[in-house]
Amino acid sequence: MTRQFLVLIAAGGSFAMLAGAFAFQYLGGLAPCELCLWQRWPHGAAIVIGGLAMLAPLAVLCWLGALAAAATGAIGVYHTGVERGWWAGPDSCTGGGGLGGPGNLLDFANAPKVVMCDQVAWEMFGLSMASWNALAAFMFAALWILAARTRP
């Protein structure tokens with residue numbers, strides 16, 4: 001396989017994951033939590049890096065793509081742990097969702113709805129979207145590394 005083909009598959013995978021996330025959000029009505037949004041940014045970076053790597057076949061771009069894929073994979077693992085109660089998540093989207101404390105109860109009706117990071121919104125074969133993101137992202141990272149090690 002050529003470096004450009006590997007880059008195309010890895011960046012295309014990030015594109016597919018991001019497109020799927022937006023489809024779940026806008027077509028399926030499944031609002032993302034804060035950690036879901038965090039997972040999207042590295043996919044976006046991987047797509048941009050993939051475009052640059054198609055134009056300039058530099059190994060450093062492939063390593064950056066691998067870093068972006070690994071980053072979203074790591075966030076996915078963290079999010080999975082939060083969903084399963086293995087560790088605490090951000091105060092802004094876990095437990096009480098930051099709604100406790102004086103004054104907040106009075107303004108509860110006007111507060112925006114918080115999508116909780118510690119609740120699984122969708123799963124398939126026992127794995128949440130965060131878990132699937134992590135698995136896919138680490139596969140993409142492996143493709144990026146293979147691309148970096150392949151001669152152009």
# chains A, B, ... in the order shown; residues from 1 in each chain; ligands from 1
>>> residues_around(residues="stretch 132-137 of chain A", least_positions_apart="2", cutoff="7 Å", atoms="only C-alpha atoms", output="short mmCIF file (atom, residue, chain, number, x, y, z; two decimals) with C-alpha atoms, in the first residue's frame")
data_model
loop_
_atom_site.label_atom_id
_atom_site.label_comp_id
_atom_site.auth_asym_id
_atom_site.auth_seq_id
_atom_site.Cartn_x
_atom_site.Cartn_y
_atom_site.Cartn_z
CA ALA A 69 -6.07 9.93 15.99
CA ALA A 70 -4.45 8.77 19.24
CA THR A 72 -9.37 11.23 20.07
CA GLY A 73 -8.86 7.58 20.98
CA ALA A 74 -7.54 8.55 24.39
CA GLY A 76 -12.78 8.03 23.92
CA VAL A 77 -11.16 5.74 26.51
CA LEU A 127 -20.01 -0.72 23.47
CA SER A 128 -20.95 2.95 23.66
CA MET A 129 -20.26 5.50 20.96
CA ALA A 130 -17.21 6.64 22.96
CA MET A 139 -6.97 1.73 14.16
CA PHE A 140 -6.62 5.05 12.33
CA ALA A 141 -3.54 5.87 14.42
#
>>> residues_around(residues="A:Gly95", least_positions_apart="3", cutoff="9 Å", atoms="only C-alpha atoms", output="mmCIF file with C-alpha atoms, in the first residue's frame")
data_model
loop_
_atom_site.group_PDB
_atom_site.id
_atom_site.type_symbol
_atom_site.label_atom_id
_atom_site.label_comp_id
_atom_site.auth_asym_id
_atom_site.auth_seq_id
_atom_site.Cartn_x
_atom_site.Cartn_y
_atom_site.Cartn_z
ATOM 1 C CA ALA A 88 -14.779 10.726 37.645
ATOM 2 C CA GLY A 89 -15.580 12.925 34.696
ATOM 3 C CA ASP A 91 -18.035 18.372 36.904
ATOM 4 C CA SER A 92 -19.800 20.212 34.088
ATOM 5 C CA GLY A 98 -23.058 21.420 38.063
ATOM 6 C CA MET A 116 -24.635 14.012 30.852
ATOM 7 C CA CYS A 117 -21.223 12.520 30.048
ATOM 8 C CA ASP A 118 -21.632 9.659 32.518
#
>>> residues_around(residues="stretch 47-59 of chain A", least_positions_apart="5", cutoff="10 Å", atoms="only C-alpha atoms", output="compact mmCIF listing (two decimals) with N, CA and C atoms, in the first residue's frame")
# COMPACT_ATOMS: atom_id res chain seq x y z
N ARG A 3 1.77 5.31 0.68
CA ARG A 3 1.55 6.25 1.77
C ARG A 3 0.26 7.02 1.55
N GLN A 4 0.02 7.48 0.34
CA GLN A 4 -1.17 8.28 0.09
C GLN A 4 -2.46 7.48 0.28
N PHE A 5 -2.42 6.21 -0.07
CA PHE A 5 -3.60 5.37 0.15
C PHE A 5 -3.86 5.21 1.64
N LEU A 6 -2.81 4.98 2.42
CA LEU A 6 -2.96 4.83 3.87
C LEU A 6 -3.48 6.12 4.51
N VAL A 7 -2.95 7.26 4.04
CA VAL A 7 -3.43 8.56 4.53
C VAL A 7 -4.90 8.75 4.18
N LEU A 8 -5.25 8.37 2.97
CA LEU A 8 -6.64 8.51 2.53
C LEU A 8 -7.58 7.67 3.40
N ILE A 9 -7.17 6.45 3.72
CA ILE A 9 -8.00 5.59 4.56
C ILE A 9 -8.10 6.15 5.98
N ALA A 10 -6.96 6.56 6.56
CA ALA A 10 -6.96 7.07 7.93
C ALA A 10 -7.75 8.38 8.05
N ALA A 11 -7.47 9.34 7.16
CA ALA A 11 -8.20 10.61 7.21
C ALA A 11 -9.66 10.41 6.82
N GLY A 12 -9.91 9.52 5.87
CA GLY A 12 -11.28 9.20 5.48
C GLY A 12 -12.05 8.56 6.62
N GLY A 13 -11.36 7.75 7.42
CA GLY A 13 -11.99 7.16 8.59
C GLY A 13 -12.41 8.22 9.60
N SER A 14 -11.53 9.20 9.82
CA SER A 14 -11.89 10.30 10.73
C SER A 14 -13.07 11.09 10.16
N PHE A 15 -13.07 11.27 8.85
CA PHE A 15 -14.19 11.96 8.21
C PHE A 15 -15.49 11.18 8.42
N ALA A 16 -15.43 9.86 8.25
CA ALA A 16 -16.62 9.03 8.44
C ALA A 16 -17.11 9.07 9.89
N LEU A 18 -16.65 11.54 12.05
CA LEU A 18 -17.21 12.86 12.28
C LEU A 18 -18.58 13.00 11.60
N TRP A 41 -12.86 17.20 17.85
CA TRP A 41 -11.79 18.11 17.41
C TRP A 41 -10.58 17.38 16.82
N PRO A 42 -10.05 16.34 17.45
CA PRO A 42 -8.91 15.65 16.84
C PRO A 42 -9.27 14.98 15.51
N LEU A 64 1.81 13.53 12.76
CA LEU A 64 0.81 14.43 13.35
C LEU A 64 -0.60 13.83 13.24
N GLY A 65 -0.87 13.18 12.12
CA GLY A 65 -2.15 12.49 11.96
C GLY A 65 -2.32 11.39 12.99
N ALA A 66 -1.24 10.65 13.23
CA ALA A 66 -1.27 9.59 14.24
C ALA A 66 -1.53 10.18 15.63
N ALA A 68 -3.15 12.98 16.30
CA ALA A 68 -4.55 13.40 16.35
C ALA A 68 -5.48 12.21 16.57
N ALA A 69 -5.24 11.13 15.83
CA ALA A 69 -6.07 9.93 15.99
C ALA A 69 -5.92 9.34 17.40
N TRP A 144 -1.97 5.67 10.28
CA TRP A 144 -1.12 6.86 10.16
C TRP A 144 0.34 6.50 10.40
N ILE A 145 0.60 5.66 11.41
CA ILE A 145 1.98 5.25 11.70
C ILE A 145 2.54 4.43 10.55
N ALA A 147 1.64 4.69 7.49
CA ALA A 147 1.90 5.67 6.42
C ALA A 147 3.19 6.43 6.64
N ALA A 148 3.46 6.79 7.90
CA ALA A 148 4.68 7.53 8.21
C ALA A 148 5.92 6.67 7.92
N ARG A 149 5.80 5.37 8.09
CA ARG A 149 6.92 4.47 7.90
C ARG A 149 7.05 3.97 6.46
N THR A 150 6.08 4.33 5.62
CA THR A 150 6.09 3.91 4.21
C THR A 150 6.73 5.01 3.37
N ARG A 151 7.57 4.60 2.46
CA ARG A 151 8.18 5.58 1.56
C ARG A 151 7.14 6.13 0.59
N PRO A 152 7.23 7.42 0.31
CA PRO A 152 6.24 8.03 -0.61
C PRO A 152 6.40 7.50 -2.04
>>> closest_residue(among="A:Glu123, A:Ser131, A:Thr94, A:Val114", to="A:Ile75", atoms="only C-alpha atoms")
A:Ser131
>>> atom_distance(atom1="atom CA of A:Phe22", atom2="atom CA of A:Leu143")
23.6 Å
>>> atom_distance(atom1="atom CA of A:Leu35", atom2="atom CA of A:His79")
6.4 Å
>>> select_by_dssp(residues="chain A", states="helix (DSSP H, G or I)", output="number ranges by chain")
A: 3-26, 34-55, 59-83, 108-110, 129-149
>>> select_by_dssp(residues="chain A", states="strand (DSSP E)", output="list in words")
Glu123, Met124, Leu127 and Ser128 of chain A
>>> write_last_selection(atoms="C-alpha atoms", output="CSV table (one decimal), in the first residue's frame")
chain,number,residue,atom,x,y,z
A,123,GLU,CA,-24.6,1.5,22.3
A,124,MET,CA,-24.1,-1.4,20.0
A,127,LEU,CA,-20.0,-0.7,23.5
A,128,SER,CA,-20.9,2.9,23.7
>>> residues_around(residues="A:Gln119", least_positions_apart="6", cutoff="9 Å", atoms="only C-alpha atoms", output="list in words")
Val82, Glu83, Arg84 and Thr94 of chain A
>>> atom_distance(atom1="atom CA of A:Gly44", atom2="atom CA of A:Gly29")
21.3 Å
>>> residues_around(residues="A:Leu30", least_positions_apart="4", cutoff="9 Å", atoms="only C-alpha atoms", output="list in words")
Ala23, Phe24, Gln25, Tyr26, Ala121 and Trp122 of chain A
>>> decode(residues="stretch 8-35 of chain A", atoms="C-alpha atoms", output="PDB file, in the first residue's frame")
ATOM      1  CA  LEU A   8      -6.643   8.509   2.531  1.00  0.00           C
ATOM      2  CA  ILE A   9      -8.003   5.590   4.560  1.00  0.00           C
ATOM      3  CA  ALA A  10      -6.956   7.071   7.932  1.00  0.00           C
ATOM      4  CA  ALA A  11      -8.203  10.610   7.211  1.00  0.00           C
ATOM      5  CA  GLY A  12     -11.281   9.201   5.482  1.00  0.00           C
ATOM      6  CA  GLY A  13     -11.990   7.158   8.594  1.00  0.00           C
ATOM      7  CA  SER A  14     -11.894  10.301  10.728  1.00  0.00           C
ATOM      8  CA  PHE A  15     -14.195  11.965   8.208  1.00  0.00           C
ATOM      9  CA  ALA A  16     -16.619   9.025   8.439  1.00  0.00           C
ATOM     10  CA  MET A  17     -16.561   9.124  12.243  1.00  0.00           C
ATOM     11  CA  LEU A  18     -17.215  12.861  12.280  1.00  0.00           C
ATOM     12  CA  ALA A  19     -19.971  12.537   9.677  1.00  0.00           C
ATOM     13  CA  GLY A  20     -21.538   9.771  11.743  1.00  0.00           C
ATOM     14  CA  ALA A  21     -21.422  11.923  14.874  1.00  0.00           C
ATOM     15  CA  PHE A  22     -23.129  14.785  13.072  1.00  0.00           C
ATOM     16  CA  ALA A  23     -25.717  12.390  11.613  1.00  0.00           C
ATOM     17  CA  PHE A  24     -26.530  11.056  15.090  1.00  0.00           C
ATOM     18  CA  GLN A  25     -26.842  14.647  16.287  1.00  0.00           C
ATOM     19  CA  TYR A  26     -28.765  16.310  13.471  1.00  0.00           C
ATOM     20  CA  LEU A  27     -30.660  13.411  11.900  1.00  0.00           C
ATOM     21  CA  GLY A  28     -31.081  11.211  14.960  1.00  0.00           C
ATOM     22  CA  GLY A  29     -31.665  13.962  17.505  1.00  0.00           C
ATOM     23  CA  LEU A  30     -28.966  12.633  19.857  1.00  0.00           C
ATOM     24  CA  ALA A  31     -27.363  15.702  21.426  1.00  0.00           C
ATOM     25  CA  PRO A  32     -23.642  15.318  22.221  1.00  0.00           C
ATOM     26  CA  CYS A  33     -22.205  15.700  25.688  1.00  0.00           C
ATOM     27  CA  GLU A  34     -19.109  17.760  26.432  1.00  0.00           C
ATOM     28  CA  LEU A  35     -16.751  14.775  26.089  1.00  0.00           C
TER      29      LEU A  35
END
